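Asks: Sending over a structure as structure tokens; questions will come in a sec.
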Amino acid sequence: MSDSIAGFPAQVLSSTKGYKPYLLAFISGMIYPTGFAPLGIWPLTLVSILFFYSLLKYSPAKRAGLGFCYGFGQFGIGTSWVYVSIHQFGGAAVALAIIITLLFTAYLSLYPALLGLLFNWYQEKASSPKLGLMFIFLWLLIDGLRGWVFSGFPWLYAGYSGIDTVLASWAPLIGIHGLTLIIVGTAILIEKMFYNRHLLLKDFFSRQWQLPGLVLLLVWGSSLGLAEFHWSKVDGEPVTATLIQPDISQDLKWEANHLRNTLTTLDEMTLKARGQLVVWPESALPIFEDRIRPYLTRIARRSALKGQSIVTGVPVRDSHSKKYYSAAMVLNADNMATAEKYYKRRLVPFGEYVPLEDQLRGLIEFFNLPMSGFSLGPSKQNTLHVDGLSMGIAICYEIVYPRLVYDQSRQANMILTISNDAWFGNSWGPQQHLEMARMRALETALPVLRGTNNGITALINYKGKVVSQLPQNTQQALEISFQPRRSHSPIQYYSFWWVAIISLAIVIGLQFLSNRQK
């Protein structure tokens, strides 16, 4: 048996011809999401990135196409829950739902295609370490672009795959984008270590291995030390709470003749709830708040007698501007009209608002969903306050936007995220969503309470670990106790734009150096 590791990955990838590089890129992309929830096989995400980088290195004329194929596999698998939302709950026919899903996947695939195109702009030998640096910082730039254009889609960032590894302890310092840098950088360093086409076992101690190996050892090893740090401190006494998961069917939720059943369910579950705080999920009340104030006042007064406060998701309308919002509000037993509210600042396209509304409204049922005309809330909003709690709020989709959560967490001693993940059905979506909520807890070093309509309702501690949760698609209440904390995690105080500016400067600097050497 030979002691050479011949052709991994260089020989295999550099010898591919015709359609094979595109097929390999597509397969590599399909492997990428297996590192995320629910599978969580994080080494496969490393392998996926490694092969994508190697393909780009050895196929310079095909880089944009390879990026597109990689993205199509990556998002075709990773965001396949879009089909469930469109077909099962949006009412679109199977064929139309497939077409819309493929178009959405194709749009997201343009981002890795752009990475390949920009990578092609940089001309260096395959053996140059500067090529790897260019790839890493281009990846970060493209992530930033995807999280910003058209209000952004910051889903499946590579750093999330590291949440259950030792790397997670870096999160309060460098956030999700910093973790992405480490994950992508690790894949590049491993590829560099295996670059030689005929690597012998004795070469494991050669110079080729020493520097990458040392960098990997320092970054991954220092994670163990960082795990001992606490980036927040106790603030007040522990709080008891009940998170209500009413499990209202999405098919019935917005039906007028089902409203009474919904109100009765919430009323009965709240009557049994224990603790100082009771949480109802996003849009728990499928009717404008001003239309059911007597109902809300009655429940708020009854709960106040038990020493309880209630926070709920509810649609709210402005009688002056005629706009309406998805909101979270603290029920006020004395005057519901003056209750504290938070208005959602990031809306789900087609679910909560319709782009090109004049052209698309009424075209098919999917573009006519109930409550799909919400407006954006103000960009600057305060936390909500309940009996010593200062709650940073993130409604549903907002929890996946790091900066949005950081803005709230600086004033808060806990984070409350309410959601309605019924749109995802039984796909990977709810578990991916929970994983991103865990990352926000880890980054901010604050406990996160997650209240949902049908799951996954959970308590996440300040270390990003799920303390307790309810199973999906069940009508239950989760009784919890948590410790409010005040955070001093560094990531809250600097913007991703600094990462983007530094990345852009490095990319331009590398290109400048490359041009000077020619």
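Chain labels follow the order of the structure tokens: the first chain is A, the next B, and so on; residue numbering restarts at 1 in every chain, and ligands are counted from 1 in their shown order.
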Name the residues in contact with Pro33 in chain A at a cut-off of 9 Å, using only C-alpha atoms, excluding same-chain residues fewer than 6 positions from it; report them as an MDAnalysis selection string.
Replies: chainID A and resid 39:42 44:45 74:75 77:79 156 158 161
Asks: Restricting the output to N, CA and C atoms, write the selected residues as a PDB file, in the first residue's frame.
Replies:
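Here's the written file result_31.pdb:
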ATOM      1  N   LEU A  39     -29.194  18.504  10.796  1.00  0.00           N
ATOM      2  CA  LEU A  39     -28.183  17.439  10.748  1.00  0.00           C
ATOM      3  C   LEU A  39     -26.949  17.791  11.578  1.00  0.00           C
ATOM      4  N   GLY A  40     -26.436  19.012  11.415  1.00  0.00           N
ATOM      5  CA  GLY A  40     -25.327  19.469  12.241  1.00  0.00           C
ATOM      6  C   GLY A  40     -24.015  18.733  12.031  1.00  0.00           C
ATOM      7  N   ILE A  41     -23.774  18.205  10.822  1.00  0.00           N
ATOM      8  CA  ILE A  41     -22.503  17.502  10.547  1.00  0.00           C
ATOM      9  C   ILE A  41     -21.508  18.547  10.034  1.00  0.00           C
ATOM     10  N   TRP A  42     -20.989  19.356  10.939  1.00  0.00           N
ATOM     11  CA  TRP A  42     -20.222  20.535  10.552  1.00  0.00           C
ATOM     12  C   TRP A  42     -18.976  20.246   9.711  1.00  0.00           C
ATOM     13  N   LEU A  44     -18.726  18.460   7.201  1.00  0.00           N
ATOM     14  CA  LEU A  44     -19.116  18.400   5.798  1.00  0.00           C
ATOM     15  C   LEU A  44     -19.208  19.794   5.173  1.00  0.00           C
ATOM     16  N   THR A  45     -19.541  20.798   5.983  1.00  0.00           N
ATOM     17  CA  THR A  45     -19.526  22.174   5.467  1.00  0.00           C
ATOM     18  C   THR A  45     -18.099  22.586   5.127  1.00  0.00           C
ATOM     19  N   GLN A  74     -26.327  24.559  -2.889  1.00  0.00           N
ATOM     20  CA  GLN A  74     -26.306  25.081  -1.524  1.00  0.00           C
ATOM     21  C   GLN A  74     -27.691  25.540  -1.068  1.00  0.00           C
ATOM     22  N   PHE A  75     -28.325  26.399  -1.863  1.00  0.00           N
ATOM     23  CA  PHE A  75     -29.624  26.948  -1.465  1.00  0.00           C
ATOM     24  C   PHE A  75     -30.786  26.062  -1.896  1.00  0.00           C
ATOM     25  N   ILE A  77     -30.937  22.920  -1.509  1.00  0.00           N
ATOM     26  CA  ILE A  77     -31.150  22.024  -0.375  1.00  0.00           C
ATOM     27  C   ILE A  77     -31.417  22.821   0.904  1.00  0.00           C
ATOM     28  N   GLY A  78     -30.582  23.815   1.161  1.00  0.00           N
ATOM     29  CA  GLY A  78     -30.628  24.548   2.429  1.00  0.00           C
ATOM     30  C   GLY A  78     -31.879  25.369   2.644  1.00  0.00           C
ATOM     31  N   THR A  79     -32.497  25.859   1.559  1.00  0.00           N
ATOM     32  CA  THR A  79     -33.716  26.672   1.712  1.00  0.00           C
ATOM     33  C   THR A  79     -34.896  26.024   0.983  1.00  0.00           C
ATOM     34  N   LEU A 156     -28.025  30.759   6.365  1.00  0.00           N
ATOM     35  CA  LEU A 156     -26.967  29.779   6.057  1.00  0.00           C
ATOM     36  C   LEU A 156     -25.566  30.388   5.970  1.00  0.00           C
ATOM     37  N   ALA A 158     -21.861  30.504   6.906  1.00  0.00           N
ATOM     38  CA  ALA A 158     -21.024  29.347   7.267  1.00  0.00           C
ATOM     39  C   ALA A 158     -20.754  29.272   8.768  1.00  0.00           C
ATOM     40  N   SER A 161     -22.548  26.860  11.256  1.00  0.00           N
ATOM     41  CA  SER A 161     -22.189  25.441  11.359  1.00  0.00           C
ATOM     42  C   SER A 161     -21.232  25.177  12.517  1.00  0.00           C
TER      43      SER A 161
END
Asks: Within 7 Å of range 452-468 of chain A, counting only C-alpha atoms, which residues qualify if same-chain residues fewer than 4 places away don't, as a list in words?
Replies: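 Using only C-alpha atoms, the neighbours found are Gln245, Pro246, Asp247, Ile248, Pro281, Glu282, Ile418, Ser419, Asn420, Asp421, Ala422, Pro430, Leu434, Arg438, Met439, Ala441, Leu442, Ala445, Leu446, Pro447, Val448, Gln472, Asn473 and Thr474 of chain A.
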Asks: Using backbone DSSP assignments, extract all helix (DSSP H, G or I) residues from range 12-120 of chain A; output them as a VMD selection string.
Replies: chain A and resid 12 to 14 20 to 35 42 to 58 60 to 78 81 to 89 94 to 120
Asks: Compile the contact shell of Ser379 in chain A as a VMD selection string: residues with an atom at most 10 Å away, counting only C-alpha atoms, same-chain residues fewer than 3 positions apart removed.
Replies: chain A and resid 343 to 346 376 404
Asks: Residues at most 7 Å from range 289-294 of chain A, counting only C-alpha atoms, excluding those fewer than 5 positions away in the same chain, as a PyMOL selection string?
Replies: chain A and resi 314-316+336
Asks: Find the spatial neighbours of range 109-114 of chain A, counting only C-alpha atoms, within a cut-off of 9 Å - ignore same-chain residues fewer than 2 positions away - and output them as JSON, numbers by chain.
Replies: {"A": [63, 64, 65, 66, 67, 68, 69, 70, 71, 72, 73, 74, 75, 104, 105, 106, 107, 116, 117, 118, 119, 139, 142, 143, 145, 146]}
Asks: Keeping only C-alpha atoms, write the selected residues as a PDB file, in the first residue's frame.
Replies:
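This is the output file part_6.pdb:
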ATOM      1  CA  ARG A  63     -15.507  30.357 -12.126  1.00  0.00           C
ATOM      2  CA  ALA A  64     -18.778  32.298 -12.433  1.00  0.00           C
ATOM      3  CA  GLY A  65     -20.625  29.201 -13.703  1.00  0.00           C
ATOM      4  CA  LEU A  66     -19.097  27.054 -10.978  1.00  0.00           C
ATOM      5  CA  GLY A  67     -20.224  29.591  -8.378  1.00  0.00           C
ATOM      6  CA  PHE A  68     -23.770  29.497  -9.734  1.00  0.00           C
ATOM      7  CA  CYS A  69     -23.883  25.686  -9.668  1.00  0.00           C
ATOM      8  CA  TYR A  70     -22.442  25.643  -6.164  1.00  0.00           C
ATOM      9  CA  GLY A  71     -25.077  28.125  -5.020  1.00  0.00           C
ATOM     10  CA  PHE A  72     -27.866  26.164  -6.674  1.00  0.00           C
ATOM     11  CA  GLY A  73     -26.919  23.074  -4.684  1.00  0.00           C
ATOM     12  CA  GLN A  74     -26.306  25.081  -1.524  1.00  0.00           C
ATOM     13  CA  PHE A  75     -29.624  26.948  -1.465  1.00  0.00           C
ATOM     14  CA  PHE A 104     -35.666  32.046  -5.759  1.00  0.00           C
ATOM     15  CA  THR A 105     -32.808  29.530  -5.648  1.00  0.00           C
ATOM     16  CA  ALA A 106     -31.415  30.907  -8.912  1.00  0.00           C
ATOM     17  CA  TYR A 107     -31.464  34.427  -7.461  1.00  0.00           C
ATOM     18  CA  GLY A 116     -16.516  33.243  -8.761  1.00  0.00           C
ATOM     19  CA  LEU A 117     -16.555  36.191 -11.164  1.00  0.00           C
ATOM     20  CA  LEU A 118     -14.601  38.431  -8.790  1.00  0.00           C
ATOM     21  CA  PHE A 119     -12.228  35.585  -7.967  1.00  0.00           C
ATOM     22  CA  TRP A 139     -16.723  35.145   0.736  1.00  0.00           C
ATOM     23  CA  ILE A 142     -20.612  38.337  -0.677  1.00  0.00           C
ATOM     24  CA  ASP A 143     -22.201  37.282   2.631  1.00  0.00           C
ATOM     25  CA  LEU A 145     -24.087  41.741   0.172  1.00  0.00           C
ATOM     26  CA  ARG A 146     -26.603  38.888   0.452  1.00  0.00           C
TER      27      ARG A 146
END
Asks: Compare A:Ile287, A:Ile86, A:Leu266, A:Ala304 by their minimum atom-to-atom distance to Ser326 in chain A, counting only C-alpha atoms, and give me the closest one.
Replies: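 Looking only at the distances to Ser326 in chain A, the closest residue turns out to be A:Ile287.
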Asks: Show me, as a Markdown table, the residues of range 397-510 of chain A having an atom within 9 Å of range 211-234 of chain A, each with the closest atom pair and its distance in Å, using only C-alpha atoms.
Replies:
| residue | atom | partner | partner_atom | distance |
| --- | --- | --- | --- | --- |
| A:Asn413 | CA | A:Val234 | CA | 8.8 |
| A:Glu443 | CA | A:Trp231 | CA | 9.0 |
| A:Thr444 | CA | A:Trp231 | CA | 7.9 |
| A:Ala445 | CA | A:Ser232 | CA | 5.7 |
| A:Leu446 | CA | A:Ser232 | CA | 7.1 |
| A:Tyr462 | CA | A:Ser232 | CA | 8.2 |
| A:Lys463 | CA | A:His230 | CA | 8.7 |
| A:Gln483 | CA | A:Val234 | CA | 6.9 |
| A:Pro484 | CA | A:Val234 | CA | 6.3 |
| A:Arg485 | CA | A:Val234 | CA | 4.5 |
| A:Arg486 | CA | A:Ser232 | CA | 5.3 |
| A:Ser487 | CA | A:Ser232 | CA | 4.0 |
| A:His488 | CA | A:Ser232 | CA | 5.6 |
| A:Ser489 | CA | A:Trp231 | CA | 5.0 |
| A:Pro490 | CA | A:Trp231 | CA | 8.3 |
Asks: Store the residues picked out above in a file with N, CA and C atoms, as an mmCIF file, in the first residue's frame.
Replies:
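Final output, result_36.cif:
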data_model
loop_
_atom_site.group_PDB
_atom_site.id
_atom_site.type_symbol
_atom_site.label_atom_id
_atom_site.label_comp_id
_atom_site.auth_asym_id
_atom_site.auth_seq_id
_atom_site.Cartn_x
_atom_site.Cartn_y
_atom_site.Cartn_z
ATOM 1 N N ASN A 413 -31.759 43.148 29.184
ATOM 2 C CA ASN A 413 -31.188 42.102 30.029
ATOM 3 C C ASN A 413 -31.715 40.721 29.649
ATOM 4 N N GLU A 443 -23.811 35.332 20.896
ATOM 5 C CA GLU A 443 -23.115 36.580 20.570
ATOM 6 C C GLU A 443 -23.344 37.658 21.628
ATOM 7 N N THR A 444 -24.588 37.786 22.084
ATOM 8 C CA THR A 444 -24.931 38.845 23.023
ATOM 9 C C THR A 444 -24.742 38.443 24.482
ATOM 10 N N ALA A 445 -24.529 37.152 24.719
ATOM 11 C CA ALA A 445 -24.386 36.609 26.076
ATOM 12 C C ALA A 445 -25.624 36.916 26.924
ATOM 13 N N LEU A 446 -26.797 36.841 26.283
ATOM 14 C CA LEU A 446 -28.066 37.067 26.967
ATOM 15 C C LEU A 446 -28.976 35.851 26.776
ATOM 16 N N TYR A 462 -27.497 31.977 28.026
ATOM 17 C CA TYR A 462 -26.577 32.992 27.500
ATOM 18 C C TYR A 462 -25.348 32.383 26.821
ATOM 19 N N LYS A 463 -25.194 31.083 26.923
ATOM 20 C CA LYS A 463 -24.113 30.385 26.220
ATOM 21 C C LYS A 463 -24.601 29.763 24.907
ATOM 22 N N GLN A 483 -32.379 33.621 34.151
ATOM 23 C CA GLN A 483 -31.669 34.668 34.872
ATOM 24 C C GLN A 483 -31.384 35.848 33.931
ATOM 25 N N PRO A 484 -31.998 37.009 34.164
ATOM 26 C CA PRO A 484 -31.651 38.188 33.357
ATOM 27 C C PRO A 484 -30.177 38.547 33.548
ATOM 28 N N ARG A 485 -29.563 39.091 32.494
ATOM 29 C CA ARG A 485 -28.146 39.424 32.538
ATOM 30 C C ARG A 485 -27.905 40.739 31.790
ATOM 31 N N ARG A 486 -26.819 41.402 32.093
ATOM 32 C CA ARG A 486 -26.385 42.590 31.358
ATOM 33 C C ARG A 486 -25.121 42.230 30.579
ATOM 34 N N SER A 487 -25.166 42.500 29.314
ATOM 35 C CA SER A 487 -24.092 42.042 28.429
ATOM 36 C C SER A 487 -23.014 43.110 28.234
ATOM 37 N N HIS A 488 -21.781 42.638 28.108
ATOM 38 C CA HIS A 488 -20.685 43.506 27.675
ATOM 39 C C HIS A 488 -19.885 42.800 26.575
ATOM 40 N N SER A 489 -20.569 41.976 25.784
ATOM 41 C CA SER A 489 -19.868 41.280 24.701
ATOM 42 C C SER A 489 -19.418 42.296 23.650
ATOM 43 N N PRO A 490 -18.177 42.231 23.199
ATOM 44 C CA PRO A 490 -17.634 43.242 22.281
ATOM 45 C C PRO A 490 -18.367 43.349 20.947
#
Asks: From the list A:Leu56, A:Leu96, A:Met30, A:Ala187, which residue is nearest Ser80 in chain A when using only C-alpha atoms?
Replies: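 Once distances to Ser80 in chain A are computed over only C-alpha atoms, the minimum belongs to A:Met30.
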Asks: In Å, how far is it from CA of Ile188 in chain A to CA of Tyr157 in chain A?
Replies: 16.6 Å
